Amino acid sequence: MKAHAELKNLLKGKKIQAFVKDMCLHAYPWTERIPVEYLEYKIFEEFRLRESTGEKTRIGLDKKLQVIPDVILFIKPGYRALNQGHCFTIALEIKEFKEDLKRDEKLWKYVGWTDFFFIAVPDDLTQYAFEKIVEVNNEHPEILSKIGVLGLETGELYSHPQRSEVSIEKQNLVLQNAVYNYAFKDAKTIFFTPEELPATVALTEKNMVEEDAKNSAQNNLQENCTLRKGGYKQLPNEEKAARKAAFLARQEFREKRAVELAEKSTVLNEDIRQRLMAQPPKAQEVFWKIRESKNGKQLQDIVSELDYSQRTAAYGLASLTSAGLVKRTGSRKTGAYTVTDIAACNTTCATCSIALQCKDYKPV
């Protein structure tokens, strides 16, 4: 049986990298097209997560519930995953002895802090891990199917857990822990010291001359640096005014476009509307161009009709597809993009113009 520290060291090996690849496919099936070298993960040990219990300590402070998983993996499936919100987290509770596994009464508390939770054990303890999961599920049915089993020595994924719905509050607590406990370790520490007052010096005529010479030299040095660095051309007032007017016109156009897109989205289901409003304005315009067409739109049609570059249109389509707002029918060359079935429904009541906020709507 390997020691606890040695089991943690296995997380850096090739077999656990295969586990991370499998979890990326489980979380996002499209990662199958991403080369393995673009997948990244970071290992954080002994996370201390504290959640308020609503109680007070003897000195009047908030009493916190402390949860300490052995390891949390921060996984980034592809270099664009951070911008597109596709990063996810996995908590691992490592058990090296059968007795320790059976005695643990707090496994259920780890669920809900990260996207996935696993009991990580040596491969000869996997049967006992499954028995423990059955026991935990009987006592806490709300976490049914949300605990997986990982064999640390082989990287074998013995069971896929369901993804947990992590609240925004818990997500922020996990990120704060990562920033303050880990990122700050590499940052330079600044110590506060009392400010020392300069010693009083009598200004004699000689001191004044020396101070003026010193200031003049500094000013000359600053002027020389400015000339060497910049060499910027001073713009005429007319050109400045024209640039400012163009900037204000672009800003006004963006604000007007945002209002128009928001008004259009009122006919959508609330869930679809929120997904769409989270997209960039250009991606939203691509969505409406597809939705308002009868047979869908190809990439080249969108490029020509919206006057976008092919890269901008392709990025908008990829973002909308990832959000579940559009889908492609047919082949990559000849197929067209259409909106998904629920995004194609109008959820506006036939007798008014208010979009229904409930889910028991009848499409018009």
# chains A, B, ... in the order shown; residues from 1 in each chain; ligands from 1
>>> residues_around(residues="region 103-111 of chain A", least_positions_apart="4", cutoff="10 Å", atoms="only C-alpha atoms", output="PyMOL selection string")
chain A and resi 49+65-69+91-93+95+98-99+115-119+132-133+136-137+139-144+146-147+163-166
>>> residues_around(residues="Trp30 (chain A)", least_positions_apart="5", cutoff="12 Å", atoms="only C-alpha atoms", output="PyMOL selection string")
chain A and resi 21-25+35+77-78+81+86+318+321-322
>>> write_last_selection(atoms="N, CA and C atoms", output="PDB file, in the first residue's frame")
ATOM      1  N   LYS A  21      -8.234  13.427 -19.507  1.00  0.00           N
ATOM      2  CA  LYS A  21      -8.754  13.411 -20.879  1.00  0.00           C
ATOM      3  C   LYS A  21     -10.152  12.784 -20.912  1.00  0.00           C
ATOM      4  N   ASP A  22     -10.340  11.683 -20.195  1.00  0.00           N
ATOM      5  CA  ASP A  22     -11.654  11.034 -20.157  1.00  0.00           C
ATOM      6  C   ASP A  22     -12.698  11.959 -19.541  1.00  0.00           C
ATOM      7  N   MET A  23     -12.325  12.699 -18.502  1.00  0.00           N
ATOM      8  CA  MET A  23     -13.279  13.608 -17.863  1.00  0.00           C
ATOM      9  C   MET A  23     -13.619  14.798 -18.756  1.00  0.00           C
ATOM     10  N   CYS A  24     -12.656  15.240 -19.552  1.00  0.00           N
ATOM     11  CA  CYS A  24     -12.946  16.309 -20.515  1.00  0.00           C
ATOM     12  C   CYS A  24     -13.991  15.832 -21.531  1.00  0.00           C
ATOM     13  N   LEU A  25     -13.831  14.590 -22.007  1.00  0.00           N
ATOM     14  CA  LEU A  25     -14.817  14.032 -22.945  1.00  0.00           C
ATOM     15  C   LEU A  25     -16.172  13.849 -22.274  1.00  0.00           C
ATOM     16  N   PRO A  35      -6.403  18.357 -29.592  1.00  0.00           N
ATOM     17  CA  PRO A  35      -5.194  17.571 -29.304  1.00  0.00           C
ATOM     18  C   PRO A  35      -4.906  17.537 -27.807  1.00  0.00           C
ATOM     19  N   PRO A  77      -9.919  22.614 -20.680  1.00  0.00           N
ATOM     20  CA  PRO A  77      -9.927  21.791 -21.906  1.00  0.00           C
ATOM     21  C   PRO A  77      -9.752  22.629 -23.172  1.00  0.00           C
ATOM     22  N   GLY A  78      -8.523  23.048 -23.452  1.00  0.00           N
ATOM     23  CA  GLY A  78      -8.260  23.849 -24.641  1.00  0.00           C
ATOM     24  C   GLY A  78      -7.924  25.278 -24.271  1.00  0.00           C
ATOM     25  N   ALA A  81     -10.814  27.696 -23.570  1.00  0.00           N
ATOM     26  CA  ALA A  81     -11.824  27.259 -22.599  1.00  0.00           C
ATOM     27  C   ALA A  81     -12.100  28.316 -21.541  1.00  0.00           C
ATOM     28  N   HIS A  86     -15.608  27.139 -20.193  1.00  0.00           N
ATOM     29  CA  HIS A  86     -15.643  25.682 -20.247  1.00  0.00           C
ATOM     30  C   HIS A  86     -14.683  25.018 -19.254  1.00  0.00           C
ATOM     31  N   ALA A 318     -19.625  29.092 -33.583  1.00  0.00           N
ATOM     32  CA  ALA A 318     -19.085  28.155 -32.590  1.00  0.00           C
ATOM     33  C   ALA A 318     -19.603  28.475 -31.195  1.00  0.00           C
ATOM     34  N   THR A 321     -23.318  27.508 -31.027  1.00  0.00           N
ATOM     35  CA  THR A 321     -23.465  26.047 -30.984  1.00  0.00           C
ATOM     36  C   THR A 321     -23.126  25.508 -29.607  1.00  0.00           C
ATOM     37  N   SER A 322     -22.066  26.048 -29.004  1.00  0.00           N
ATOM     38  CA  SER A 322     -21.674  25.615 -27.667  1.00  0.00           C
ATOM     39  C   SER A 322     -22.749  25.941 -26.636  1.00  0.00           C
TER      40      SER A 322
END
>>> closest_atom_pairs(of="region 246-278 of chain A", to="region 284-298 of chain A", cutoff="8 Å", atoms="only C-alpha atoms", output="Markdown table")
| residue | atom | partner | partner_atom | distance |
| --- | --- | --- | --- | --- |
| A:Leu261 | CA | A:Gln284 | CA | 7.4 |
| A:Leu276 | CA | A:Gln284 | CA | 6.5 |
| A:Met277 | CA | A:Gln284 | CA | 7.5 |
>>> residues_around(residues="Arg50 (chain A)", least_positions_apart="2", cutoff="10 Å", atoms="only C-alpha atoms", output="PDB file with C-alpha atoms, in the first residue's frame")
ATOM      1  CA  PHE A  47      -8.175  23.146   0.021  1.00  0.00           C
ATOM      2  CA  ARG A  48      -9.824  24.720   3.076  1.00  0.00           C
ATOM      3  CA  SER A  52     -21.413  29.853   6.895  1.00  0.00           C
ATOM      4  CA  THR A  53     -23.631  27.833   9.263  1.00  0.00           C
ATOM      5  CA  LYS A  63     -19.280  30.073  12.736  1.00  0.00           C
ATOM      6  CA  LYS A  64     -17.975  28.363   9.609  1.00  0.00           C
ATOM      7  CA  LEU A  65     -18.331  24.798   8.377  1.00  0.00           C
ATOM      8  CA  GLN A  66     -14.875  23.707   7.212  1.00  0.00           C
ATOM      9  CA  VAL A  67     -14.524  21.247   4.327  1.00  0.00           C
ATOM     10  CA  ILE A  68     -11.011  20.103   3.322  1.00  0.00           C
ATOM     11  CA  LYS A 170     -19.431  28.160  -3.670  1.00  0.00           C
ATOM     12  CA  LEU A 173     -15.261  30.523  -2.374  1.00  0.00           C
ATOM     13  CA  VAL A 174     -13.242  27.936  -4.321  1.00  0.00           C
ATOM     14  CA  ASN A 177      -9.149  29.962  -1.858  1.00  0.00           C
TER      15      ASN A 177
END
>>> select_by_dssp(residues="region 11-218 of chain A", states="strand (DSSP E or B)", output="VMD selection string")
chain A and resid 39 to 45 49 to 56 62 to 67 71 to 77 88 to 94 116 to 121 148 to 151 156 to 159
>>> closest_residue(among="A:Val303, A:Tyr28, A:Gly316, A:Ile272", to="Asp341 (chain A)", atoms="only C-alpha atoms")
A:Ile272
>>> residues_around(residues="Leu10 (chain A)", least_positions_apart="3", cutoff="10 Å", atoms="only C-alpha atoms", output="NGL selection string")
:A and (5-7 or 13-17 or 152-155)
>>> write_last_selection(atoms="N, CA and C atoms", output="PDB file, in the first residue's frame")
ATOM      1  N   ALA A   5       1.249  10.583   0.658  1.00  0.00           N
ATOM      2  CA  ALA A   5       1.981  11.537  -0.178  1.00  0.00           C
ATOM      3  C   ALA A   5       2.337  10.924  -1.529  1.00  0.00           C
ATOM      4  N   GLU A   6       2.683   9.632  -1.538  1.00  0.00           N
ATOM      5  CA  GLU A   6       3.027   8.978  -2.800  1.00  0.00           C
ATOM      6  C   GLU A   6       1.808   8.861  -3.707  1.00  0.00           C
ATOM      7  N   LEU A   7       0.635   8.647  -3.110  1.00  0.00           N
ATOM      8  CA  LEU A   7      -0.590   8.593  -3.923  1.00  0.00           C
ATOM      9  C   LEU A   7      -0.865   9.934  -4.575  1.00  0.00           C
ATOM     10  N   GLY A  13       1.242  11.833 -13.038  1.00  0.00           N
ATOM     11  CA  GLY A  13       1.709  10.849 -14.008  1.00  0.00           C
ATOM     12  C   GLY A  13       0.835  10.751 -15.240  1.00  0.00           C
ATOM     13  N   LYS A  14       1.306   9.963 -16.187  1.00  0.00           N
ATOM     14  CA  LYS A  14       0.634   9.794 -17.471  1.00  0.00           C
ATOM     15  C   LYS A  14      -0.741   9.148 -17.325  1.00  0.00           C
ATOM     16  N   LYS A  15      -0.882   8.237 -16.370  1.00  0.00           N
ATOM     17  CA  LYS A  15      -2.153   7.523 -16.232  1.00  0.00           C
ATOM     18  C   LYS A  15      -3.258   8.448 -15.740  1.00  0.00           C
ATOM     19  N   ILE A  16      -2.922   9.394 -14.860  1.00  0.00           N
ATOM     20  CA  ILE A  16      -3.925  10.353 -14.403  1.00  0.00           C
ATOM     21  C   ILE A  16      -4.217  11.372 -15.499  1.00  0.00           C
ATOM     22  N   GLN A  17      -3.240  11.620 -16.370  1.00  0.00           N
ATOM     23  CA  GLN A  17      -3.518  12.491 -17.524  1.00  0.00           C
ATOM     24  C   GLN A  17      -4.574  11.859 -18.421  1.00  0.00           C
ATOM     25  N   LEU A 152      -6.142   5.219  -8.446  1.00  0.00           N
ATOM     26  CA  LEU A 152      -4.985   6.105  -8.571  1.00  0.00           C
ATOM     27  C   LEU A 152      -3.794   5.429  -9.232  1.00  0.00           C
ATOM     28  N   GLU A 153      -3.607   4.156  -9.000  1.00  0.00           N
ATOM     29  CA  GLU A 153      -2.411   3.491  -9.509  1.00  0.00           C
ATOM     30  C   GLU A 153      -2.474   3.247 -11.014  1.00  0.00           C
ATOM     31  N   THR A 154      -3.667   3.032 -11.547  1.00  0.00           N
ATOM     32  CA  THR A 154      -3.812   2.771 -12.980  1.00  0.00           C
ATOM     33  C   THR A 154      -4.487   3.913 -13.729  1.00  0.00           C
ATOM     34  N   GLY A 155      -5.056   4.890 -12.993  1.00  0.00           N
ATOM     35  CA  GLY A 155      -5.814   5.955 -13.637  1.00  0.00           C
ATOM     36  C   GLY A 155      -7.145   5.479 -14.175  1.00  0.00           C
TER      37      GLY A 155
END
>>> residues_around(residues="Tyr308 (chain A)", least_positions_apart="6", cutoff="12 Å", atoms="only C-alpha atoms", output="list of chain:residue names")
A:Lys282, A:Ala283, A:Glu285, A:Val286, A:Leu299, A:Gln300, A:Asp301, A:Ile302, A:Ala314, A:Tyr315, A:Gly316
>>> decode(residues="region 263-279 of chain A", atoms="all heavy atoms", output="PDB file, in the first residue's frame")
ATOM      1  N   GLU A 263     -34.663  43.959 -27.133  1.00  0.00           N
ATOM      2  CA  GLU A 263     -36.100  43.967 -27.446  1.00  0.00           C
ATOM      3  C   GLU A 263     -36.491  42.730 -28.249  1.00  0.00           C
ATOM      4  O   GLU A 263     -37.547  42.137 -28.032  1.00  0.00           O
ATOM      5  CB  GLU A 263     -36.450  45.236 -28.227  1.00  0.00           C
ATOM      6  CG  GLU A 263     -36.383  46.506 -27.383  1.00  0.00           C
ATOM      7  CD  GLU A 263     -36.660  47.754 -28.212  1.00  0.00           C
ATOM      8  OE1 GLU A 263     -36.774  47.608 -29.466  1.00  0.00           O
ATOM      9  OE2 GLU A 263     -36.755  48.848 -27.641  1.00  0.00           O
ATOM     10  N   LYS A 264     -35.631  42.324 -29.176  1.00  0.00           N
ATOM     11  CA  LYS A 264     -35.918  41.129 -29.971  1.00  0.00           C
ATOM     12  C   LYS A 264     -36.013  39.880 -29.092  1.00  0.00           C
ATOM     13  O   LYS A 264     -36.846  39.008 -29.314  1.00  0.00           O
ATOM     14  CB  LYS A 264     -34.817  40.914 -31.023  1.00  0.00           C
ATOM     15  CG  LYS A 264     -35.034  41.638 -32.333  1.00  0.00           C
ATOM     16  CD  LYS A 264     -33.968  41.184 -33.311  1.00  0.00           C
ATOM     17  CE  LYS A 264     -34.254  41.709 -34.710  1.00  0.00           C
ATOM     18  NZ  LYS A 264     -33.282  41.196 -35.685  1.00  0.00           N
ATOM     19  N   SER A 265     -35.155  39.815 -28.086  1.00  0.00           N
ATOM     20  CA  SER A 265     -35.055  38.594 -27.282  1.00  0.00           C
ATOM     21  C   SER A 265     -36.248  38.395 -26.360  1.00  0.00           C
ATOM     22  O   SER A 265     -36.357  37.342 -25.720  1.00  0.00           O
ATOM     23  CB  SER A 265     -33.770  38.611 -26.454  1.00  0.00           C
ATOM     24  OG  SER A 265     -33.814  39.636 -25.487  1.00  0.00           O
ATOM     25  N   THR A 266     -37.157  39.375 -26.246  1.00  0.00           N
ATOM     26  CA  THR A 266     -38.294  39.232 -25.330  1.00  0.00           C
ATOM     27  C   THR A 266     -39.257  38.132 -25.764  1.00  0.00           C
ATOM     28  O   THR A 266     -40.074  37.684 -24.959  1.00  0.00           O
ATOM     29  CB  THR A 266     -39.057  40.560 -25.213  1.00  0.00           C
ATOM     30  OG1 THR A 266     -39.458  40.988 -26.521  1.00  0.00           O
ATOM     31  CG2 THR A 266     -38.188  41.626 -24.566  1.00  0.00           C
ATOM     32  N   VAL A 267     -39.187  37.696 -27.007  1.00  0.00           N
ATOM     33  CA  VAL A 267     -40.098  36.651 -27.469  1.00  0.00           C
ATOM     34  C   VAL A 267     -39.574  35.256 -27.154  1.00  0.00           C
ATOM     35  O   VAL A 267     -40.259  34.268 -27.408  1.00  0.00           O
ATOM     36  CB  VAL A 267     -40.341  36.758 -28.996  1.00  0.00           C
ATOM     37  CG1 VAL A 267     -40.933  38.104 -29.344  1.00  0.00           C
ATOM     38  CG2 VAL A 267     -39.050  36.525 -29.772  1.00  0.00           C
ATOM     39  N   LEU A 268     -38.358  35.173 -26.603  1.00  0.00           N
ATOM     40  CA  LEU A 268     -37.744  33.871 -26.362  1.00  0.00           C
ATOM     41  C   LEU A 268     -38.060  33.360 -24.959  1.00  0.00           C
ATOM     42  O   LEU A 268     -38.381  34.139 -24.061  1.00  0.00           O
ATOM     43  CB  LEU A 268     -36.219  33.963 -26.531  1.00  0.00           C
ATOM     44  CG  LEU A 268     -35.714  34.381 -27.915  1.00  0.00           C
ATOM     45  CD1 LEU A 268     -34.214  34.575 -27.871  1.00  0.00           C
ATOM     46  CD2 LEU A 268     -36.084  33.349 -28.971  1.00  0.00           C
ATOM     47  N   ASN A 269     -37.909  32.066 -24.794  1.00  0.00           N
ATOM     48  CA  ASN A 269     -37.993  31.459 -23.475  1.00  0.00           C
ATOM     49  C   ASN A 269     -36.922  32.067 -22.574  1.00  0.00           C
ATOM     50  O   ASN A 269     -35.843  32.428 -23.031  1.00  0.00           O
ATOM     51  CB  ASN A 269     -37.772  29.941 -23.626  1.00  0.00           C
ATOM     52  CG  ASN A 269     -37.593  29.248 -22.314  1.00  0.00           C
ATOM     53  OD1 ASN A 269     -36.511  29.259 -21.751  1.00  0.00           O
ATOM     54  ND2 ASN A 269     -38.656  28.650 -21.836  1.00  0.00           N
ATOM     55  N   GLU A 270     -37.217  32.196 -21.276  1.00  0.00           N
ATOM     56  CA  GLU A 270     -36.310  32.893 -20.365  1.00  0.00           C
ATOM     57  C   GLU A 270     -34.917  32.261 -20.349  1.00  0.00           C
ATOM     58  O   GLU A 270     -33.909  32.966 -20.371  1.00  0.00           O
ATOM     59  CB  GLU A 270     -36.900  32.886 -18.957  1.00  0.00           C
ATOM     60  CG  GLU A 270     -36.045  33.562 -17.907  1.00  0.00           C
ATOM     61  CD  GLU A 270     -35.852  35.048 -18.152  1.00  0.00           C
ATOM     62  OE1 GLU A 270     -36.614  35.621 -18.956  1.00  0.00           O
ATOM     63  OE2 GLU A 270     -34.920  35.623 -17.573  1.00  0.00           O
ATOM     64  N   ASP A 271     -34.856  30.934 -20.348  1.00  0.00           N
ATOM     65  CA  ASP A 271     -33.556  30.267 -20.338  1.00  0.00           C
ATOM     66  C   ASP A 271     -32.778  30.559 -21.622  1.00  0.00           C
ATOM     67  O   ASP A 271     -31.591  30.878 -21.588  1.00  0.00           O
ATOM     68  CB  ASP A 271     -33.766  28.750 -20.164  1.00  0.00           C
ATOM     69  CG  ASP A 271     -32.458  27.982 -20.217  1.00  0.00           C
ATOM     70  OD1 ASP A 271     -31.486  28.441 -19.589  1.00  0.00           O
ATOM     71  OD2 ASP A 271     -32.401  26.933 -20.876  1.00  0.00           O
ATOM     72  N   ILE A 272     -33.464  30.462 -22.760  1.00  0.00           N
ATOM     73  CA  ILE A 272     -32.814  30.745 -24.048  1.00  0.00           C
ATOM     74  C   ILE A 272     -32.410  32.215 -24.119  1.00  0.00           C
ATOM     75  O   ILE A 272     -31.338  32.563 -24.625  1.00  0.00           O
ATOM     76  CB  ILE A 272     -33.767  30.376 -25.208  1.00  0.00           C
ATOM     77  CG1 ILE A 272     -34.034  28.867 -25.198  1.00  0.00           C
ATOM     78  CG2 ILE A 272     -33.178  30.788 -26.544  1.00  0.00           C
ATOM     79  CD1 ILE A 272     -32.811  28.011 -25.407  1.00  0.00           C
ATOM     80  N   ARG A 273     -33.258  33.094 -23.611  1.00  0.00           N
ATOM     81  CA  ARG A 273     -32.954  34.529 -23.651  1.00  0.00           C
ATOM     82  C   ARG A 273     -31.681  34.832 -22.853  1.00  0.00           C
ATOM     83  O   ARG A 273     -30.827  35.608 -23.294  1.00  0.00           O
ATOM     84  CB  ARG A 273     -34.129  35.318 -23.089  1.00  0.00           C
ATOM     85  CG  ARG A 273     -33.995  36.831 -23.271  1.00  0.00           C
ATOM     86  CD  ARG A 273     -35.143  37.560 -22.631  1.00  0.00           C
ATOM     87  NE  ARG A 273     -35.042  37.465 -21.181  1.00  0.00           N
ATOM     88  CZ  ARG A 273     -34.272  38.252 -20.439  1.00  0.00           C
ATOM     89  NH1 ARG A 273     -33.521  39.179 -21.003  1.00  0.00           N
ATOM     90  NH2 ARG A 273     -34.238  38.115 -19.135  1.00  0.00           N
ATOM     91  N   GLN A 274     -31.540  34.230 -21.682  1.00  0.00           N
ATOM     92  CA  GLN A 274     -30.353  34.473 -20.876  1.00  0.00           C
ATOM     93  C   GLN A 274     -29.099  33.927 -21.551  1.00  0.00           C
ATOM     94  O   GLN A 274     -28.036  34.553 -21.516  1.00  0.00           O
ATOM     95  CB  GLN A 274     -30.520  33.838 -19.490  1.00  0.00           C
ATOM     96  CG  GLN A 274     -31.542  34.543 -18.619  1.00  0.00           C
ATOM     97  CD  GLN A 274     -31.625  33.942 -17.234  1.00  0.00           C
ATOM     98  OE1 GLN A 274     -30.898  32.996 -16.916  1.00  0.00           O
ATOM     99  NE2 GLN A 274     -32.522  34.468 -16.408  1.00  0.00           N
ATOM    100  N   ARG A 275     -29.231  32.755 -22.181  1.00  0.00           N
ATOM    101  CA  ARG A 275     -28.074  32.214 -22.913  1.00  0.00           C
ATOM    102  C   ARG A 275     -27.666  33.132 -24.060  1.00  0.00           C
ATOM    103  O   ARG A 275     -26.482  33.341 -24.308  1.00  0.00           O
ATOM    104  CB  ARG A 275     -28.416  30.833 -23.473  1.00  0.00           C
ATOM    105  CG  ARG A 275     -28.492  29.734 -22.432  1.00  0.00           C
ATOM    106  CD  ARG A 275     -28.484  28.381 -23.122  1.00  0.00           C
ATOM    107  NE  ARG A 275     -29.527  27.502 -22.629  1.00  0.00           N
ATOM    108  CZ  ARG A 275     -29.885  26.382 -23.198  1.00  0.00           C
ATOM    109  NH1 ARG A 275     -29.295  25.980 -24.305  1.00  0.00           N
ATOM    110  NH2 ARG A 275     -30.850  25.632 -22.687  1.00  0.00           N
ATOM    111  N   LEU A 276     -28.681  33.670 -24.754  1.00  0.00           N
ATOM    112  CA  LEU A 276     -28.385  34.524 -25.896  1.00  0.00           C
ATOM    113  C   LEU A 276     -27.766  35.849 -25.447  1.00  0.00           C
ATOM    114  O   LEU A 276     -26.810  36.333 -26.060  1.00  0.00           O
ATOM    115  CB  LEU A 276     -29.671  34.788 -26.689  1.00  0.00           C
ATOM    116  CG  LEU A 276     -29.523  35.685 -27.929  1.00  0.00           C
ATOM    117  CD1 LEU A 276     -28.579  35.042 -28.938  1.00  0.00           C
ATOM    118  CD2 LEU A 276     -30.880  35.934 -28.572  1.00  0.00           C
ATOM    119  N   MET A 277     -28.298  36.457 -24.359  1.00  0.00           N
ATOM    120  CA  MET A 277     -27.782  37.741 -23.908  1.00  0.00           C
ATOM    121  C   MET A 277     -26.359  37.622 -23.355  1.00  0.00           C
ATOM    122  O   MET A 277     -25.654  38.631 -23.246  1.00  0.00           O
ATOM    123  CB  MET A 277     -28.708  38.329 -22.832  1.00  0.00           C
ATOM    124  CG  MET A 277     -30.116  38.651 -23.336  1.00  0.00           C
ATOM    125  SD  MET A 277     -30.122  39.739 -24.789  1.00  0.00           S
ATOM    126  CE  MET A 277     -29.505  41.257 -24.075  1.00  0.00           C
ATOM    127  N   ALA A 278     -25.948  36.407 -23.020  1.00  0.00           N
ATOM    128  CA  ALA A 278     -24.570  36.205 -22.563  1.00  0.00           C
ATOM    129  C   ALA A 278     -23.574  36.185 -23.725  1.00  0.00           C
ATOM    130  O   ALA A 278     -22.363  36.216 -23.496  1.00  0.00           O
ATOM    131  CB  ALA A 278     -24.462  34.901 -21.767  1.00  0.00           C
ATOM    132  N   GLN A 279     -24.090  36.110 -24.958  1.00  0.00           N
ATOM    133  CA  GLN A 279     -23.222  36.075 -26.140  1.00  0.00           C
ATOM    134  C   GLN A 279     -22.817  37.500 -26.545  1.00  0.00           C
ATOM    135  O   GLN A 279     -23.517  38.467 -26.238  1.00  0.00           O
ATOM    136  CB  GLN A 279     -23.952  35.402 -27.312  1.00  0.00           C
ATOM    137  CG  GLN A 279     -24.407  33.982 -27.035  1.00  0.00           C
ATOM    138  CD  GLN A 279     -23.247  33.042 -26.812  1.00  0.00           C
ATOM    139  OE1 GLN A 279     -22.230  33.124 -27.497  1.00  0.00           O
ATOM    140  NE2 GLN A 279     -23.391  32.158 -25.836  1.00  0.00           N
TER     141      GLN A 279
END
